[in-house]
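Only one structure is covered here, and it is reproduced in the block below.
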Amino acid sequence: MDYNFSKNFIEFEDLSPEEMRAFNSILNNIYRQRGIDFRQYRPKCLRRRIVVGMHEANVESFCAYLDFLNKNPQQYDKLLDRITINVSEFFRNPKTFKAIREKVIPAIVERKENIAGYNIRIWSAGCATGEEPYSLAILFKEALQKLGQNSKINIIATDIDKNALRKAKIGCYGVKALKGLKASQIAAYFDKDNDNYCIKHQIKVMVKFMDYNMISDQLPRAVDLILCRNVIIYFNKELQNKVYANFYNALASSGFLVAGKTESLMDIKEELFAKVDIGERILQKRTKRKSNNENI
Ligand SMILES: C[S@@+](CC[C@H](N)C(=O)[O-])C[C@H]1O[C@@H](n2cnc3c(N)ncnc32)[C@H](O)[C@@H]1O
């Protein structure tokens, strides 16, 4: 499980060899203990977040921080929290959800309408504390009701951060987290529990949370819609391309992919995805034809 230090060894011009070795050892230890490989995340982002951890520990060098972490191994959890920032909110970027309602949902329904007893499969990749998949559950429930459809909706919500997933599964949020919801939605889909608002069972059962690394774990299959927002921005170009190719394979024929507002679509391969709404970062899988004319 050890890093091959000659391969993908992160380098910074301003750091001494000892400091660089300590920086890479911190990543190596995370990999050994938690199985998460951050080497292909953008080095500057990683460094910024590790430096925040250093300041919290009151140390001024990566060597001293490595020493501190090794003497206090439970602090690796805190560092992991720093690296995997889980900021999220209900209906984050409302225009994106509007575009999904108007452009994506009718297309999925139209394509599946003739398949008896079909399920709609959705993947929220990098779901953090659950606001995104629960927003999708509410959006689809309301939109399908309007369309007179009662198809089953299965939302797979995945993240590498176990603490975030724990919170997501509980599904209780403070009032501040609800600012993107209408009063009627809060009344319909949440139960008040002291100062918290907890997602009702009817929405909870639509979402299945899983501890899952989108880089290395086996992919869900035949998904109609993937949302992966504010995650890929942290990956280097090579990893971004790998993840977009993974999403291509995970999508059903003509399935949709929604990236985050922070993510550039510049490097997306035109032969894999058609752009449906560039502003809202909505793409659609192109169906390639094999030489024998079979769809893949
Ligand atoms: C900023 S949050 C985004 C939450 C939500 N998608 C949104 O836009 O509101 C980024 C999440 O991606 C997760 N993440 C980072 N790398 C990941 C990976 N390789 N596989 C799965 N999740 C990952 C982090 O743990 C974090 O919870």
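Naming works like this for the structure tokens: A, B, ... for the chains as they're shown, residue 1 at the start of each chain, ligands 1 onward in shown order.
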Exercise. Return as JSON, numbers by chain every polymer residue, whether protein, DNA or RNA, with at least one atom no more than 8 Å from an atom of ligand 1; count only C-alpha atoms and all ligand atoms.
Key: {"A": [36, 81, 83, 84, 85, 86, 87, 88, 89, 90, 92, 124, 125, 126, 127, 128, 129, 130, 131, 132, 158, 159, 160, 161, 164, 211, 212, 213, 214, 215, 216, 227, 228, 229, 230, 231, 232, 234, 260]}
Output of the above residues as a compact mmCIF listing (two decimals), in the first residue's frame, restricted to N, CA and C atoms:
```txt
# COMPACT_ATOMS: atom_id res chain seq x y z
N ILE A 36 -7.53 6.11 1.11
CA ILE A 36 -7.90 7.18 0.17
C ILE A 36 -6.63 7.80 -0.41
N ASP A 81 -11.10 15.44 7.48
CA ASP A 81 -12.24 16.37 7.45
C ASP A 81 -11.86 17.67 6.76
N ILE A 83 -9.50 18.04 4.50
CA ILE A 83 -9.24 17.84 3.06
C ILE A 83 -10.55 17.66 2.29
N THR A 84 -11.47 16.90 2.90
CA THR A 84 -12.75 16.65 2.21
C THR A 84 -13.79 17.66 2.68
N ILE A 85 -13.66 18.88 2.25
CA ILE A 85 -14.61 19.91 2.70
C ILE A 85 -16.02 19.51 2.27
N ASN A 86 -16.96 19.48 3.23
CA ASN A 86 -18.31 18.99 2.86
C ASN A 86 -19.37 20.08 2.83
N VAL A 87 -18.99 21.29 2.49
CA VAL A 87 -20.00 22.35 2.44
C VAL A 87 -21.06 21.99 1.40
N SER A 88 -22.32 22.10 1.78
CA SER A 88 -23.41 21.83 0.85
C SER A 88 -24.65 22.57 1.33
N GLU A 89 -25.70 22.56 0.55
CA GLU A 89 -26.98 23.13 1.01
C GLU A 89 -28.11 22.58 0.15
N PHE A 90 -29.33 22.67 0.68
CA PHE A 90 -30.48 22.20 -0.09
C PHE A 90 -30.66 23.09 -1.33
N ARG A 92 -28.80 23.75 -3.77
CA ARG A 92 -27.65 24.62 -4.04
C ARG A 92 -27.65 24.95 -5.53
N SER A 124 -25.84 10.66 -6.76
CA SER A 124 -25.25 11.90 -6.26
C SER A 124 -23.83 11.54 -5.79
N ALA A 125 -22.82 11.89 -6.61
CA ALA A 125 -21.44 11.47 -6.35
C ALA A 125 -20.71 12.59 -5.61
N GLY A 126 -20.29 12.31 -4.38
CA GLY A 126 -19.73 13.37 -3.53
C GLY A 126 -20.89 14.10 -2.88
N CYS A 127 -21.71 13.33 -2.13
CA CYS A 127 -23.00 13.87 -1.63
C CYS A 127 -22.84 14.64 -0.33
N ALA A 128 -21.64 14.58 0.28
CA ALA A 128 -21.36 15.27 1.55
C ALA A 128 -22.42 14.91 2.61
N THR A 129 -23.07 15.91 3.21
CA THR A 129 -23.98 15.64 4.33
C THR A 129 -25.43 15.39 3.90
N GLY A 130 -25.65 15.18 2.60
CA GLY A 130 -26.96 14.69 2.15
C GLY A 130 -27.93 15.70 1.56
N GLU A 131 -27.58 16.98 1.63
CA GLU A 131 -28.54 17.98 1.14
C GLU A 131 -28.84 17.79 -0.35
N GLU A 132 -27.81 17.45 -1.13
CA GLU A 132 -28.00 17.30 -2.59
C GLU A 132 -28.92 16.11 -2.93
N THR A 158 -23.16 8.88 -2.60
CA THR A 158 -21.88 8.33 -2.17
C THR A 158 -20.89 9.41 -1.77
N ASP A 159 -20.00 9.04 -0.85
CA ASP A 159 -18.94 9.96 -0.42
C ASP A 159 -17.83 9.14 0.23
N ILE A 160 -16.64 9.74 0.33
CA ILE A 160 -15.55 9.04 1.03
C ILE A 160 -15.47 9.45 2.49
N ASP A 161 -16.25 10.44 2.87
CA ASP A 161 -16.15 10.98 4.23
C ASP A 161 -17.21 10.33 5.13
N ALA A 164 -19.42 12.69 7.27
CA ALA A 164 -20.45 13.37 6.48
C ALA A 164 -21.60 12.40 6.19
N ASP A 211 -20.53 4.49 1.48
CA ASP A 211 -19.14 4.93 1.59
C ASP A 211 -18.43 4.43 0.33
N TYR A 212 -18.10 5.35 -0.55
CA TYR A 212 -17.71 4.92 -1.89
C TYR A 212 -16.76 5.95 -2.50
N ASN A 213 -15.63 5.46 -2.98
CA ASN A 213 -14.65 6.35 -3.62
C ASN A 213 -14.85 6.32 -5.13
N MET A 214 -15.22 7.46 -5.69
CA MET A 214 -15.58 7.47 -7.12
C MET A 214 -14.37 7.23 -8.02
N ILE A 215 -13.17 7.26 -7.44
CA ILE A 215 -11.97 7.06 -8.25
C ILE A 215 -11.63 5.57 -8.36
N SER A 216 -11.82 4.86 -7.26
CA SER A 216 -11.30 3.49 -7.25
C SER A 216 -12.34 2.41 -7.06
N LEU A 227 -25.26 13.52 -10.57
CA LEU A 227 -24.84 14.86 -10.16
C LEU A 227 -23.48 14.71 -9.50
N CYS A 228 -22.49 15.40 -10.00
CA CYS A 228 -21.19 15.41 -9.33
C CYS A 228 -20.73 16.85 -9.33
N ARG A 229 -21.04 17.55 -8.24
CA ARG A 229 -20.81 18.99 -8.21
C ARG A 229 -19.85 19.35 -7.08
N ASN A 230 -18.93 20.24 -7.43
CA ASN A 230 -17.98 20.77 -6.44
C ASN A 230 -17.10 19.69 -5.84
N VAL A 231 -16.73 18.73 -6.66
CA VAL A 231 -15.82 17.66 -6.24
C VAL A 231 -14.65 17.60 -7.23
N ILE A 232 -15.00 17.54 -8.51
CA ILE A 232 -13.99 17.32 -9.56
C ILE A 232 -13.00 18.48 -9.65
N TYR A 234 -11.33 19.59 -7.43
CA TYR A 234 -10.14 19.30 -6.61
C TYR A 234 -9.21 18.28 -7.25
N GLY A 260 -20.59 20.79 -11.39
CA GLY A 260 -20.82 21.97 -10.55
C GLY A 260 -20.50 23.25 -11.29
```
Return as a tab-separated table (two decimals) with C-alpha atoms, in the first residue's frame the full set of residues in segment 155-219 of chain A whose backbone-based DSSP assignment is strand (DSSP E).
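Generated file (states_16.tsv):
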```tsv
chain	number	residue	atom	x	y	z
A	155	ILE	CA	-30.98	7.65	-5.48
A	156	ILE	CA	-27.50	6.34	-4.73
A	157	ALA	CA	-25.60	8.92	-2.68
A	158	THR	CA	-21.88	8.33	-2.17
A	159	ASP	CA	-18.94	9.96	-0.42
A	172	CYS	CA	-31.51	16.30	10.55
A	173	TYR	CA	-30.52	19.89	9.82
A	174	GLY	CA	-30.54	23.26	11.57
A	190	PHE	CA	-39.48	17.57	7.36
A	191	ASP	CA	-40.45	16.79	10.97
A	192	LYS	CA	-39.43	19.32	13.60
A	193	ASP	CA	-37.29	17.84	16.37
A	196	ASN	CA	-33.65	20.54	14.06
A	197	TYR	CA	-35.65	19.65	11.00
A	198	CYS	CA	-35.49	15.96	10.09
A	199	ILE	CA	-36.20	14.50	6.65
A	207	VAL	CA	-31.92	7.65	-0.93
A	208	LYS	CA	-29.30	5.00	-0.23
A	209	PHE	CA	-26.02	6.34	1.23
A	210	MET	CA	-22.77	4.49	0.59
A	211	ASP	CA	-19.14	4.93	1.59
```
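Residue nearest Gln202 of chain A within the list A:Val243, A:Lys98, A:Lys152, A:Ala222: A:Lys152 [criterion: smallest interatomic distance, only C-alpha atoms].
With only C-alpha atoms as the basis for measurement, A:Tyr76 is the residue among A:Asp67, A:Pro106, A:His201, A:Tyr76 that approaches Arg32 of chain A most closely.
Closest approach to Lys44 of chain A from the set A:Ile186, A:Ile233, A:Ala250, A:Leu178 is made by A:Ile233, with distances taken over only C-alpha atoms.
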Please identify the helix (DSSP H, G or I) residues within segment 23-114 of chain A (assignment by DSSP from backbone atoms) and present them as a PyMOL selection string. chain A and resi 23-34+43-56+62-71+75-83+94-112
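Using only C-alpha atoms, the smallest distance between any of A:Asp224, A:Asp217, A:Glu280, A:Glu18 and Gly35 of chain A comes from A:Asp217.
Remark: for Phe38 of chain A, the closest of the candidate residues A:Phe273, A:Tyr248, A:Tyr189, A:Phe235 is A:Phe235 (distances computed over only C-alpha atoms).
Shortest separation to Gly148 of chain A among A:Val109, A:Ile226, A:Leu181, A:Leu219 occurs at residue A:Val109, atoms counted being only C-alpha atoms.
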Surrounding residues of Ile268 of chain A excluding itself and chain neighbours under 3 positions, 12 Å, only C-alpha atoms, as a list in words: Lys237, Glu238, Gln240, Asn241, Lys242, Val243, Tyr244, Ala245, Phe247, Tyr248, Leu257, Ala259, Glu263, Ser264, Leu265, Glu271, Leu272, Phe273, Ala274, Lys275, Ile278, Arg281, Ile282, Leu283, Gln284 and Lys285 of chain A
Would you kindly return, as a PDB file with N, CA and C atoms, in the first residue's frame, each protein, DNA or RNA residue with an atom no farther than 12 Å from any atom of Phe68 of chain A, considering only C-alpha atoms and excluding same-chain residues fewer than 4 positions away?
```pdb
ATOM      1  N   ALA A  22       8.032  14.986   4.026  1.00  0.00           N
ATOM      2  CA  ALA A  22       7.043  14.962   5.117  1.00  0.00           C
ATOM      3  C   ALA A  22       5.633  15.134   4.546  1.00  0.00           C
ATOM      4  N   ILE A  26       2.623  12.350   4.857  1.00  0.00           N
ATOM      5  CA  ILE A  26       1.278  12.574   5.427  1.00  0.00           C
ATOM      6  C   ILE A  26       0.233  11.933   4.501  1.00  0.00           C
ATOM      7  N   GLY A  53      -4.688  22.578   8.788  1.00  0.00           N
ATOM      8  CA  GLY A  53      -4.533  21.584   9.864  1.00  0.00           C
ATOM      9  C   GLY A  53      -3.280  21.869  10.684  1.00  0.00           C
ATOM     10  N   MET A  54      -2.203  22.259   9.989  1.00  0.00           N
ATOM     11  CA  MET A  54      -0.942  22.593  10.680  1.00  0.00           C
ATOM     12  C   MET A  54      -1.150  23.739  11.650  1.00  0.00           C
ATOM     13  N   HIS A  55      -1.842  24.786  11.180  1.00  0.00           N
ATOM     14  CA  HIS A  55      -2.059  25.951  12.042  1.00  0.00           C
ATOM     15  C   HIS A  55      -2.879  25.573  13.257  1.00  0.00           C
ATOM     16  N   GLU A  56      -3.875  24.715  13.051  1.00  0.00           N
ATOM     17  CA  GLU A  56      -4.707  24.281  14.190  1.00  0.00           C
ATOM     18  C   GLU A  56      -3.867  23.511  15.222  1.00  0.00           C
ATOM     19  N   ALA A  57      -2.875  22.785  14.701  1.00  0.00           N
ATOM     20  CA  ALA A  57      -2.026  22.003  15.611  1.00  0.00           C
ATOM     21  C   ALA A  57      -0.883  22.851  16.159  1.00  0.00           C
ATOM     22  N   ASN A  58      -0.850  24.127  15.747  1.00  0.00           N
ATOM     23  CA  ASN A  58       0.192  25.035  16.231  1.00  0.00           C
ATOM     24  C   ASN A  58       1.598  24.628  15.835  1.00  0.00           C
ATOM     25  N   VAL A  59       1.751  24.104  14.638  1.00  0.00           N
ATOM     26  CA  VAL A  59       3.097  23.772  14.162  1.00  0.00           C
ATOM     27  C   VAL A  59       3.346  24.500  12.849  1.00  0.00           C
ATOM     28  N   GLU A  60       4.614  24.678  12.513  1.00  0.00           N
ATOM     29  CA  GLU A  60       4.910  25.536  11.372  1.00  0.00           C
ATOM     30  C   GLU A  60       5.591  24.841  10.207  1.00  0.00           C
ATOM     31  N   SER A  61       5.787  23.540  10.318  1.00  0.00           N
ATOM     32  CA  SER A  61       6.408  22.855   9.178  1.00  0.00           C
ATOM     33  C   SER A  61       5.697  21.521   8.953  1.00  0.00           C
ATOM     34  N   PHE A  62       5.824  20.995   7.726  1.00  0.00           N
ATOM     35  CA  PHE A  62       5.225  19.687   7.440  1.00  0.00           C
ATOM     36  C   PHE A  62       5.921  18.597   8.258  1.00  0.00           C
ATOM     37  N   CYS A  63       7.248  18.781   8.498  1.00  0.00           N
ATOM     38  CA  CYS A  63       7.969  17.781   9.313  1.00  0.00           C
ATOM     39  C   CYS A  63       7.370  17.728  10.716  1.00  0.00           C
ATOM     40  N   ALA A  64       7.150  18.911  11.319  1.00  0.00           N
ATOM     41  CA  ALA A  64       6.611  18.957  12.683  1.00  0.00           C
ATOM     42  C   ALA A  64       5.178  18.430  12.699  1.00  0.00           C
ATOM     43  N   ASN A  72      -0.305  11.571  17.539  1.00  0.00           N
ATOM     44  CA  ASN A  72      -1.761  11.680  17.818  1.00  0.00           C
ATOM     45  C   ASN A  72      -2.545  11.168  16.610  1.00  0.00           C
ATOM     46  N   PRO A  73      -2.498   9.846  16.383  1.00  0.00           N
ATOM     47  CA  PRO A  73      -3.057   9.311  15.127  1.00  0.00           C
ATOM     48  C   PRO A  73      -4.530   9.645  14.903  1.00  0.00           C
ATOM     49  N   GLN A  74      -5.272   9.874  16.017  1.00  0.00           N
ATOM     50  CA  GLN A  74      -6.699  10.223  15.837  1.00  0.00           C
ATOM     51  C   GLN A  74      -6.845  11.558  15.098  1.00  0.00           C
ATOM     52  N   GLN A  75      -5.766  12.365  15.083  1.00  0.00           N
ATOM     53  CA  GLN A  75      -5.817  13.655  14.401  1.00  0.00           C
ATOM     54  C   GLN A  75      -5.875  13.494  12.874  1.00  0.00           C
ATOM     55  N   TYR A  76      -5.546  12.292  12.387  1.00  0.00           N
ATOM     56  CA  TYR A  76      -5.682  12.066  10.945  1.00  0.00           C
ATOM     57  C   TYR A  76      -7.143  12.227  10.511  1.00  0.00           C
ATOM     58  N   LEU A  79      -7.768  15.813  10.012  1.00  0.00           N
ATOM     59  CA  LEU A  79      -7.138  16.270   8.775  1.00  0.00           C
ATOM     60  C   LEU A  79      -7.971  15.838   7.559  1.00  0.00           C
TER      61      LEU A  79
END
```
